[in-house]
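Printed here is input.cif (mmCIF, C-alpha atoms):
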data_final
#
loop_
_atom_site.label_atom_id
_atom_site.label_comp_id
_atom_site.auth_asym_id
_atom_site.auth_seq_id
_atom_site.Cartn_x
_atom_site.Cartn_y
_atom_site.Cartn_z
CA MET N 325 -75.18 -198.88 128.43
CA SER N 326 -75.87 -196.65 125.45
CA LEU N 327 -74.99 -193.04 124.75
CA VAL N 328 -78.24 -191.06 124.83
CA CYS N 329 -78.57 -187.62 123.25
CA LEU N 330 -81.43 -185.20 123.88
CA SER N 331 -82.18 -181.81 122.41
CA LEU N 332 -83.68 -179.24 124.79
CA GLY N 333 -85.40 -176.00 123.88
CA SER N 334 -87.38 -173.25 125.57
CA ASN N 335 -88.78 -169.89 124.56
CA ALA N 336 -90.72 -169.17 127.75
CA ASP N 337 -88.44 -168.24 130.68
CA PRO N 338 -85.67 -170.46 129.30
CA ALA N 339 -83.23 -169.96 132.19
CA THR N 340 -85.75 -171.37 134.65
CA HIS N 341 -87.05 -174.18 132.49
CA LEU N 342 -83.76 -175.39 131.01
CA GLY N 343 -82.27 -175.24 134.51
CA ALA N 344 -85.16 -177.36 135.87
CA CYS N 345 -84.59 -179.89 133.10
CA PHE N 346 -80.84 -180.01 133.78
CA GLU N 347 -81.66 -180.67 137.46
CA ALA N 348 -84.06 -183.50 136.57
CA LEU N 349 -81.48 -185.03 134.25
CA LYS N 350 -78.75 -184.87 136.91
CA ARG N 351 -81.10 -186.50 139.47
CA THR N 352 -82.08 -189.28 137.10
CA PHE N 353 -79.00 -190.11 135.02
CA TYR N 354 -75.25 -190.29 135.61
CA SER N 355 -72.50 -188.31 133.92
CA VAL N 356 -74.81 -185.87 132.16
CA ARG N 357 -72.85 -183.63 129.79
CA ILE N 358 -74.38 -180.34 128.69
CA SER N 359 -73.53 -178.37 125.55
CA ARG N 360 -73.29 -174.63 125.37
CA VAL N 361 -76.68 -172.94 125.18
CA PHE N 362 -77.58 -171.27 121.91
CA GLU N 363 -80.24 -168.73 121.05
CA SER N 364 -82.02 -168.99 117.74
CA GLU N 365 -84.92 -167.43 115.97
CA PRO N 366 -87.97 -169.67 115.65
CA VAL N 367 -87.65 -172.02 112.67
CA GLY N 368 -90.75 -173.04 110.77
CA CYS N 369 -93.21 -171.33 113.11
CA GLN N 370 -94.55 -167.93 114.10
CA ALA N 371 -93.41 -167.97 117.74
CA THR N 372 -92.92 -164.53 119.22
CA ALA N 373 -89.80 -165.23 121.29
CA ASN N 374 -86.45 -166.69 120.34
CA PHE N 375 -85.55 -170.16 121.58
CA PHE N 376 -82.70 -171.19 123.85
CA ASN N 377 -81.41 -174.63 122.85
CA ALA N 378 -78.90 -177.13 124.20
CA VAL N 379 -77.99 -180.78 123.77
CA VAL N 380 -77.30 -183.18 126.61
CA ALA N 381 -75.62 -186.57 126.48
CA PHE N 382 -75.39 -189.35 129.07
CA GLU N 383 -75.01 -193.11 129.35
CA SER N 384 -78.12 -195.15 130.16
CA ASP N 385 -79.43 -198.68 130.05
CA TRP N 386 -83.02 -197.47 129.67
CA SER N 387 -84.93 -198.58 126.59
CA PRO N 388 -85.77 -195.99 123.93
CA GLU N 389 -89.43 -196.27 124.91
CA ALA N 390 -88.66 -195.59 128.59
CA LEU N 391 -86.46 -192.62 127.66
CA ASN N 392 -89.21 -191.22 125.43
CA GLU N 393 -91.75 -191.61 128.24
CA TRP N 394 -89.41 -189.78 130.64
CA THR N 395 -88.94 -186.87 128.21
CA ASN N 396 -92.70 -186.65 127.65
CA ALA N 397 -93.31 -186.57 131.41
CA GLN N 398 -90.77 -183.76 131.87
CA GLU N 399 -92.40 -181.73 129.10
CA ALA N 400 -95.89 -182.30 130.47
CA ALA N 401 -94.83 -181.14 133.94
CA LEU N 402 -93.69 -177.77 132.57
CA ASN N 403 -96.19 -177.39 129.71
CA PRO N 404 -99.55 -178.08 131.39
CA ARG N 405 -101.77 -176.49 128.74
CA VAL N 406 -103.81 -179.09 126.89
CA PRO N 407 -104.30 -179.10 124.01
CA ARG N 408 -101.10 -177.27 123.16
CA GLU N 409 -100.60 -175.57 119.82
CA ARG N 410 -97.65 -177.09 117.98
CA HIS N 411 -95.71 -173.82 117.70
CA ALA N 412 -96.96 -171.99 120.79
CA PRO N 413 -94.38 -170.70 123.28
CA LYS N 414 -92.92 -173.64 125.13
CA ALA N 415 -91.53 -173.76 128.62
CA LEU N 416 -89.68 -176.92 127.63
CA ASP N 417 -89.33 -179.01 124.50
CA ILE N 418 -87.29 -182.22 124.77
CA ASP N 419 -86.51 -184.42 121.79
CA LEU N 420 -84.87 -187.82 122.02
CA LEU N 421 -82.19 -187.60 119.32
CA SER N 422 -80.39 -190.93 119.59
CA VAL N 423 -79.87 -193.98 121.78
CA GLY N 424 -76.56 -195.63 120.94
CA ASP N 425 -76.57 -197.01 117.40
CA THR N 426 -80.32 -197.62 117.37
CA CYS N 427 -81.91 -197.05 113.96
CA SER N 428 -85.57 -197.92 114.25
CA ASP N 429 -89.15 -196.71 114.18
CA PHE N 430 -91.05 -196.81 117.46
CA GLU N 431 -94.63 -195.95 118.24
CA GLY N 432 -94.66 -192.17 117.90
CA PHE N 433 -90.94 -191.56 117.26
CA THR N 434 -87.98 -192.60 115.13
CA LEU N 435 -84.32 -192.99 116.07
CA PRO N 436 -82.13 -191.34 115.20
CA ARG N 437 -84.30 -188.25 114.99
CA GLU N 438 -84.22 -186.52 111.60
CA ASP N 439 -83.88 -183.13 113.35
CA ILE N 440 -80.19 -183.91 113.95
CA THR N 441 -79.30 -182.95 110.38
CA ARG N 442 -82.28 -180.68 109.73
CA TYR N 443 -81.70 -177.93 112.30
CA ALA N 444 -78.64 -175.89 113.24
CA PHE N 445 -79.91 -175.54 116.81
CA VAL N 446 -79.61 -179.33 117.16
CA LEU N 447 -76.53 -180.18 115.11
CA ARG N 448 -74.24 -177.34 116.23
CA PRO N 449 -74.44 -178.06 119.99
CA LEU N 450 -74.30 -181.79 119.27
CA ALA N 451 -71.21 -181.34 117.09
CA GLU N 452 -69.52 -179.26 119.78
CA LEU N 453 -70.43 -181.63 122.62
CA LEU N 454 -69.67 -184.89 120.76
CA PRO N 455 -67.56 -183.94 117.72
CA ASN N 456 -66.19 -187.43 117.07
CA GLU N 457 -69.35 -189.40 117.80
CA CYS N 458 -70.96 -190.70 114.63
CA HIS N 459 -74.53 -190.27 113.52
CA PRO N 460 -76.10 -193.74 114.01
CA ARG N 461 -77.49 -193.97 110.48
CA CYS N 462 -74.86 -192.39 108.22
CA LYS N 463 -71.84 -193.18 110.47
CA THR N 464 -70.37 -189.69 109.94
CA PRO N 465 -69.02 -187.69 112.91
CA TYR N 466 -71.32 -184.90 114.07
CA ALA N 467 -68.57 -182.29 113.63
CA THR N 468 -68.17 -183.34 109.99
CA LEU N 469 -71.93 -183.22 109.41
CA PHE N 470 -72.05 -179.71 110.85
CA ALA N 471 -69.05 -178.53 108.80
CA ARG N 472 -70.74 -179.78 105.60
CA ALA N 473 -74.17 -178.31 106.36
CA ASP N 474 -75.51 -175.03 105.05
CA PHE N 475 -77.48 -173.43 107.86
CA SER N 476 -77.14 -169.88 106.54
CA ASP N 477 -80.91 -169.48 106.88
CA GLN N 478 -80.85 -170.65 110.53
CA PRO N 479 -78.71 -168.19 112.52
CA LEU N 480 -77.91 -169.02 116.11
CA TRP N 481 -75.47 -167.70 118.65
CA PRO N 482 -74.14 -168.85 122.03
CA VAL N 483 -75.62 -167.12 125.07
CA ALA N 484 -74.35 -166.73 128.60
CA PHE N 485 -75.94 -169.45 130.71
CA SER N 486 -75.14 -170.81 134.15
CA PHE N 487 -76.26 -173.99 135.88
CA ARG N 488 -75.68 -174.56 139.59
CA GLY N 489 -73.62 -171.37 139.63
CA VAL N 490 -71.22 -172.61 136.95
CA ALA N 491 -71.12 -171.09 133.48
CA ILE N 492 -71.87 -173.68 130.81
CA SER N 493 -71.98 -171.06 128.08
CA PRO N 494 -69.78 -168.00 127.75
#
Show me this structure written as structure tokens.
Amino acid sequence: MSLVCLSLGSNADPATHLGACFEALKRTFYSVRISRVFESEPVGCQATANFFNAVVAFESDWSPEALNEWTNAQEAALNPRVPRERHAPKALDIDLLSVGDTCSDFEGFTLPREDITRYAFVLRPLAELLPNECHPRCKTPYATLFARADFSDQPLWPVAFSFRGVAISP
């Protein structure tokens, strides 16, 4: 079993779409842990609505390829427009961040995902959820990576968010 980390984002009815993703994760995987949900302004695009982002972690024996296929299927189910503009509003965006200590290139994706250290909306919830877990490539704890990072140009803030009637964010 490997620790799997995913980044989730939505800027189109995020309460509905993140909730649907949390449900799918809970049906499919065991011991799913969910970070607080954060709101952030769009980074690197001209989207009109802010994003809600979270990180989830769970143990799985699925291969990285199978996990990537699952995330793509979940996205496709909630984002049926084809072709989709890269930075258009998204009901759901799921990125496979890491699978255990895997450091490798796969067809269409790389692990660990570079976004972990590139974006505050990925690293902050990851650092809060798994502060002592180490980045697979640099072997530094996520909390340390976040403390060292300068994300002054990427503001984000926690938002009130409930799942199954239980607050997961204040």
I need the residue nearest Asp425 in chain N from this list: N:Arg472, N:Lys463, N:His341, N:Arg357. Use all atoms listed in the file for the distance.
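Smallest separation from Asp425 in chain N among the options: N:Lys463.
Computed from the coordinates, the CA of Gly333 in chain N to CA of Asp417 in chain N distance equals 5.0 Å.
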Please expand the PyMOL selection byres ((chain N and resi 356) around 12) into the concrete residues it hits in this file, giving the result as a CSV table (one decimal) with C-alpha atoms, in the frame of the given file.
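Once everything was written out, this is result_21.csv:
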chain,number,residue,atom,x,y,z
N,327,LEU,CA,-75.0,-193.0,124.8
N,328,VAL,CA,-78.2,-191.1,124.8
N,329,CYS,CA,-78.6,-187.6,123.2
N,330,LEU,CA,-81.4,-185.2,123.9
N,345,CYS,CA,-84.6,-179.9,133.1
N,346,PHE,CA,-80.8,-180.0,133.8
N,347,GLU,CA,-81.7,-180.7,137.5
N,348,ALA,CA,-84.1,-183.5,136.6
N,349,LEU,CA,-81.5,-185.0,134.2
N,350,LYS,CA,-78.8,-184.9,136.9
N,351,ARG,CA,-81.1,-186.5,139.5
N,352,THR,CA,-82.1,-189.3,137.1
N,353,PHE,CA,-79.0,-190.1,135.0
N,354,TYR,CA,-75.2,-190.3,135.6
N,355,SER,CA,-72.5,-188.3,133.9
N,357,ARG,CA,-72.8,-183.6,129.8
N,358,ILE,CA,-74.4,-180.3,128.7
N,359,SER,CA,-73.5,-178.4,125.6
N,379,VAL,CA,-78.0,-180.8,123.8
N,380,VAL,CA,-77.3,-183.2,126.6
N,381,ALA,CA,-75.6,-186.6,126.5
N,382,PHE,CA,-75.4,-189.4,129.1
N,383,GLU,CA,-75.0,-193.1,129.4
N,384,SER,CA,-78.1,-195.2,130.2
N,453,LEU,CA,-70.4,-181.6,122.6
Exercise: residues within 10 Å of coordinate (-88.0, -168.1, 129.3), counting only C-alpha atoms, as JSON, numbers by chain:
{"N": [333, 334, 335, 336, 337, 338, 339, 340, 341, 342, 373, 374, 375, 376, 413, 414, 415, 416]}
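If you count all atoms listed in the file and draw a sphere of 8 Å around (-82.3, -186.3, 109.5), the protein and nucleic acid residues inside it come out as N:Pro436, N:Arg437, N:Glu438, N:Asp439, N:Ile440, N:Thr441, N:Arg442.
Run against this file, the PyMOL selection byres ((chain N and resi 447) around 10) gives back N:Ser331, N:Ala378, N:Val379, N:Asp439, N:Ile440, N:Thr441, N:Arg442, N:Tyr443, N:Ala444, N:Phe445, N:Val446, N:Arg448, N:Pro449, N:Leu450, N:Ala451, N:Glu452, N:Leu453, N:Tyr466, N:Ala467, N:Leu469, N:Phe470, N:Ala471, N:Ala473, N:Phe475.
From CA of Val367 in chain N back to CA of Gly432 in chain N, the distance works out to 22.0 Å.
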Smallest atom-to-atom distance to Cys427 in chain N: which of N:Leu454, N:Thr395, N:Pro388, N:Pro465, using all atoms listed in the file?
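Nearest candidate to Cys427 in chain N out of N:Leu454, N:Thr395, N:Pro388, N:Pro465: N:Pro388.
Going from CA of Ser428 in chain N over to CA of Trp386 in chain N, you cover 15.6 Å.
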For Pro479 in chain N, the nearest of the candidates N:Met325, N:Glu365, N:Ser387, N:Asp429, counting all atoms listed in the file
N:Glu365
With all heavy atoms as the target, complete range 433-444 of chain N and hand it back as an mmCIF file, in the frame of the given file.
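To be explicit, this is the file written out as result_9.cif:
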data_model
loop_
_atom_site.group_PDB
_atom_site.id
_atom_site.type_symbol
_atom_site.label_atom_id
_atom_site.label_comp_id
_atom_site.auth_asym_id
_atom_site.auth_seq_id
_atom_site.Cartn_x
_atom_site.Cartn_y
_atom_site.Cartn_z
ATOM 1 N N PHE N 433 -92.239 -192.209 117.471
ATOM 2 C CA PHE N 433 -90.940 -191.560 117.260
ATOM 3 C C PHE N 433 -90.008 -192.487 116.496
ATOM 4 O O PHE N 433 -90.226 -193.690 116.418
ATOM 5 C CB PHE N 433 -90.314 -191.104 118.582
ATOM 6 C CG PHE N 433 -89.895 -192.204 119.517
ATOM 7 C CD1 PHE N 433 -88.571 -192.578 119.632
ATOM 8 C CD2 PHE N 433 -90.831 -192.854 120.306
ATOM 9 C CE1 PHE N 433 -88.174 -193.580 120.510
ATOM 10 C CE2 PHE N 433 -90.452 -193.859 121.199
ATOM 11 C CZ PHE N 433 -89.118 -194.225 121.291
ATOM 12 N N THR N 434 -88.975 -191.876 115.914
ATOM 13 C CA THR N 434 -87.980 -192.600 115.130
ATOM 14 C C THR N 434 -86.596 -192.234 115.662
ATOM 15 O O THR N 434 -86.349 -191.092 116.036
ATOM 16 C CB THR N 434 -88.078 -192.190 113.642
ATOM 17 O OG1 THR N 434 -89.381 -192.545 113.167
ATOM 18 C CG2 THR N 434 -87.030 -192.889 112.801
ATOM 19 N N LEU N 435 -85.718 -193.211 115.689
ATOM 20 C CA LEU N 435 -84.320 -192.990 116.070
ATOM 21 C C LEU N 435 -83.412 -193.431 114.947
ATOM 22 O O LEU N 435 -83.663 -194.474 114.354
ATOM 23 C CB LEU N 435 -83.962 -193.768 117.345
ATOM 24 C CG LEU N 435 -84.620 -193.285 118.622
ATOM 25 C CD1 LEU N 435 -84.239 -194.202 119.772
ATOM 26 C CD2 LEU N 435 -84.258 -191.851 118.938
ATOM 27 N N PRO N 436 -82.374 -192.658 114.643
ATOM 28 C CA PRO N 436 -82.130 -191.340 115.200
ATOM 29 C C PRO N 436 -83.136 -190.334 114.657
ATOM 30 O O PRO N 436 -83.681 -190.509 113.561
ATOM 31 C CB PRO N 436 -80.716 -191.012 114.733
ATOM 32 C CG PRO N 436 -80.559 -191.787 113.463
ATOM 33 C CD PRO N 436 -81.361 -193.044 113.661
ATOM 34 N N ARG N 437 -83.333 -189.269 115.389
ATOM 35 C CA ARG N 437 -84.300 -188.250 114.990
ATOM 36 C C ARG N 437 -83.759 -187.469 113.788
ATOM 37 O O ARG N 437 -82.597 -187.075 113.762
ATOM 38 C CB ARG N 437 -84.552 -187.310 116.175
ATOM 39 C CG ARG N 437 -85.702 -186.386 115.958
ATOM 40 C CD ARG N 437 -85.996 -185.637 117.246
ATOM 41 N NE ARG N 437 -87.072 -184.706 117.050
ATOM 42 C CZ ARG N 437 -88.347 -184.939 117.307
ATOM 43 N NH1 ARG N 437 -88.702 -186.117 117.785
ATOM 44 N NH2 ARG N 437 -89.265 -184.022 117.093
ATOM 45 N N GLU N 438 -84.616 -187.236 112.818
ATOM 46 C CA GLU N 438 -84.220 -186.520 111.600
ATOM 47 C C GLU N 438 -83.783 -185.086 111.889
ATOM 48 O O GLU N 438 -83.015 -184.503 111.126
ATOM 49 C CB GLU N 438 -85.360 -186.517 110.587
ATOM 50 C CG GLU N 438 -85.601 -187.876 109.968
ATOM 51 C CD GLU N 438 -86.708 -187.844 108.919
ATOM 52 O OE1 GLU N 438 -87.202 -186.742 108.581
ATOM 53 O OE2 GLU N 438 -87.076 -188.914 108.437
ATOM 54 N N ASP N 439 -84.243 -184.511 113.000
ATOM 55 C CA ASP N 439 -83.880 -183.130 113.350
ATOM 56 C C ASP N 439 -82.380 -182.945 113.512
ATOM 57 O O ASP N 439 -81.887 -181.823 113.419
ATOM 58 C CB ASP N 439 -84.558 -182.718 114.660
ATOM 59 C CG ASP N 439 -86.063 -182.559 114.516
ATOM 60 O OD1 ASP N 439 -86.578 -182.718 113.396
ATOM 61 O OD2 ASP N 439 -86.719 -182.277 115.535
ATOM 62 N N ILE N 440 -81.638 -184.027 113.752
ATOM 63 C CA ILE N 440 -80.190 -183.910 113.950
ATOM 64 C C ILE N 440 -79.554 -183.188 112.762
ATOM 65 O O ILE N 440 -78.735 -182.292 112.944
ATOM 66 C CB ILE N 440 -79.541 -185.289 114.154
ATOM 67 C CG1 ILE N 440 -79.978 -185.885 115.494
ATOM 68 C CG2 ILE N 440 -78.014 -185.192 114.079
ATOM 69 C CD1 ILE N 440 -79.539 -187.334 115.698
ATOM 70 N N THR N 441 -79.899 -183.568 111.566
ATOM 71 C CA THR N 441 -79.300 -182.950 110.380
ATOM 72 C C THR N 441 -80.154 -181.847 109.778
ATOM 73 O O THR N 441 -79.710 -181.155 108.874
ATOM 74 C CB THR N 441 -79.003 -184.019 109.306
ATOM 75 O OG1 THR N 441 -80.216 -184.714 108.996
ATOM 76 C CG2 THR N 441 -77.941 -184.996 109.796
ATOM 77 N N ARG N 442 -81.345 -181.658 110.282
ATOM 78 C CA ARG N 442 -82.280 -180.680 109.730
ATOM 79 C C ARG N 442 -82.113 -179.286 110.325
ATOM 80 O O ARG N 442 -82.360 -178.286 109.647
ATOM 81 C CB ARG N 442 -83.708 -181.177 109.956
ATOM 82 C CG ARG N 442 -84.768 -180.304 109.326
ATOM 83 C CD ARG N 442 -86.147 -180.868 109.533
ATOM 84 N NE ARG N 442 -86.279 -182.125 108.815
ATOM 85 C CZ ARG N 442 -87.181 -183.050 109.090
ATOM 86 N NH1 ARG N 442 -88.032 -182.886 110.067
ATOM 87 N NH2 ARG N 442 -87.236 -184.156 108.377
ATOM 88 N N TYR N 443 -81.704 -179.210 111.598
ATOM 89 C CA TYR N 443 -81.700 -177.930 112.300
ATOM 90 C C TYR N 443 -80.344 -177.597 112.905
ATOM 91 O O TYR N 443 -79.749 -178.408 113.613
ATOM 92 C CB TYR N 443 -82.753 -177.921 113.419
ATOM 93 C CG TYR N 443 -84.161 -178.097 112.906
ATOM 94 C CD1 TYR N 443 -84.905 -179.213 113.263
ATOM 95 C CD2 TYR N 443 -84.740 -177.157 112.058
ATOM 96 C CE1 TYR N 443 -86.195 -179.381 112.797
ATOM 97 C CE2 TYR N 443 -86.030 -177.313 111.582
ATOM 98 C CZ TYR N 443 -86.758 -178.430 111.958
ATOM 99 O OH TYR N 443 -88.031 -178.593 111.489
ATOM 100 N N ALA N 444 -79.906 -176.363 112.675
ATOM 101 C CA ALA N 444 -78.640 -175.890 113.240
ATOM 102 C C ALA N 444 -78.667 -175.914 114.756
ATOM 103 O O ALA N 444 -77.663 -176.237 115.402
ATOM 104 C CB ALA N 444 -78.339 -174.473 112.738
#
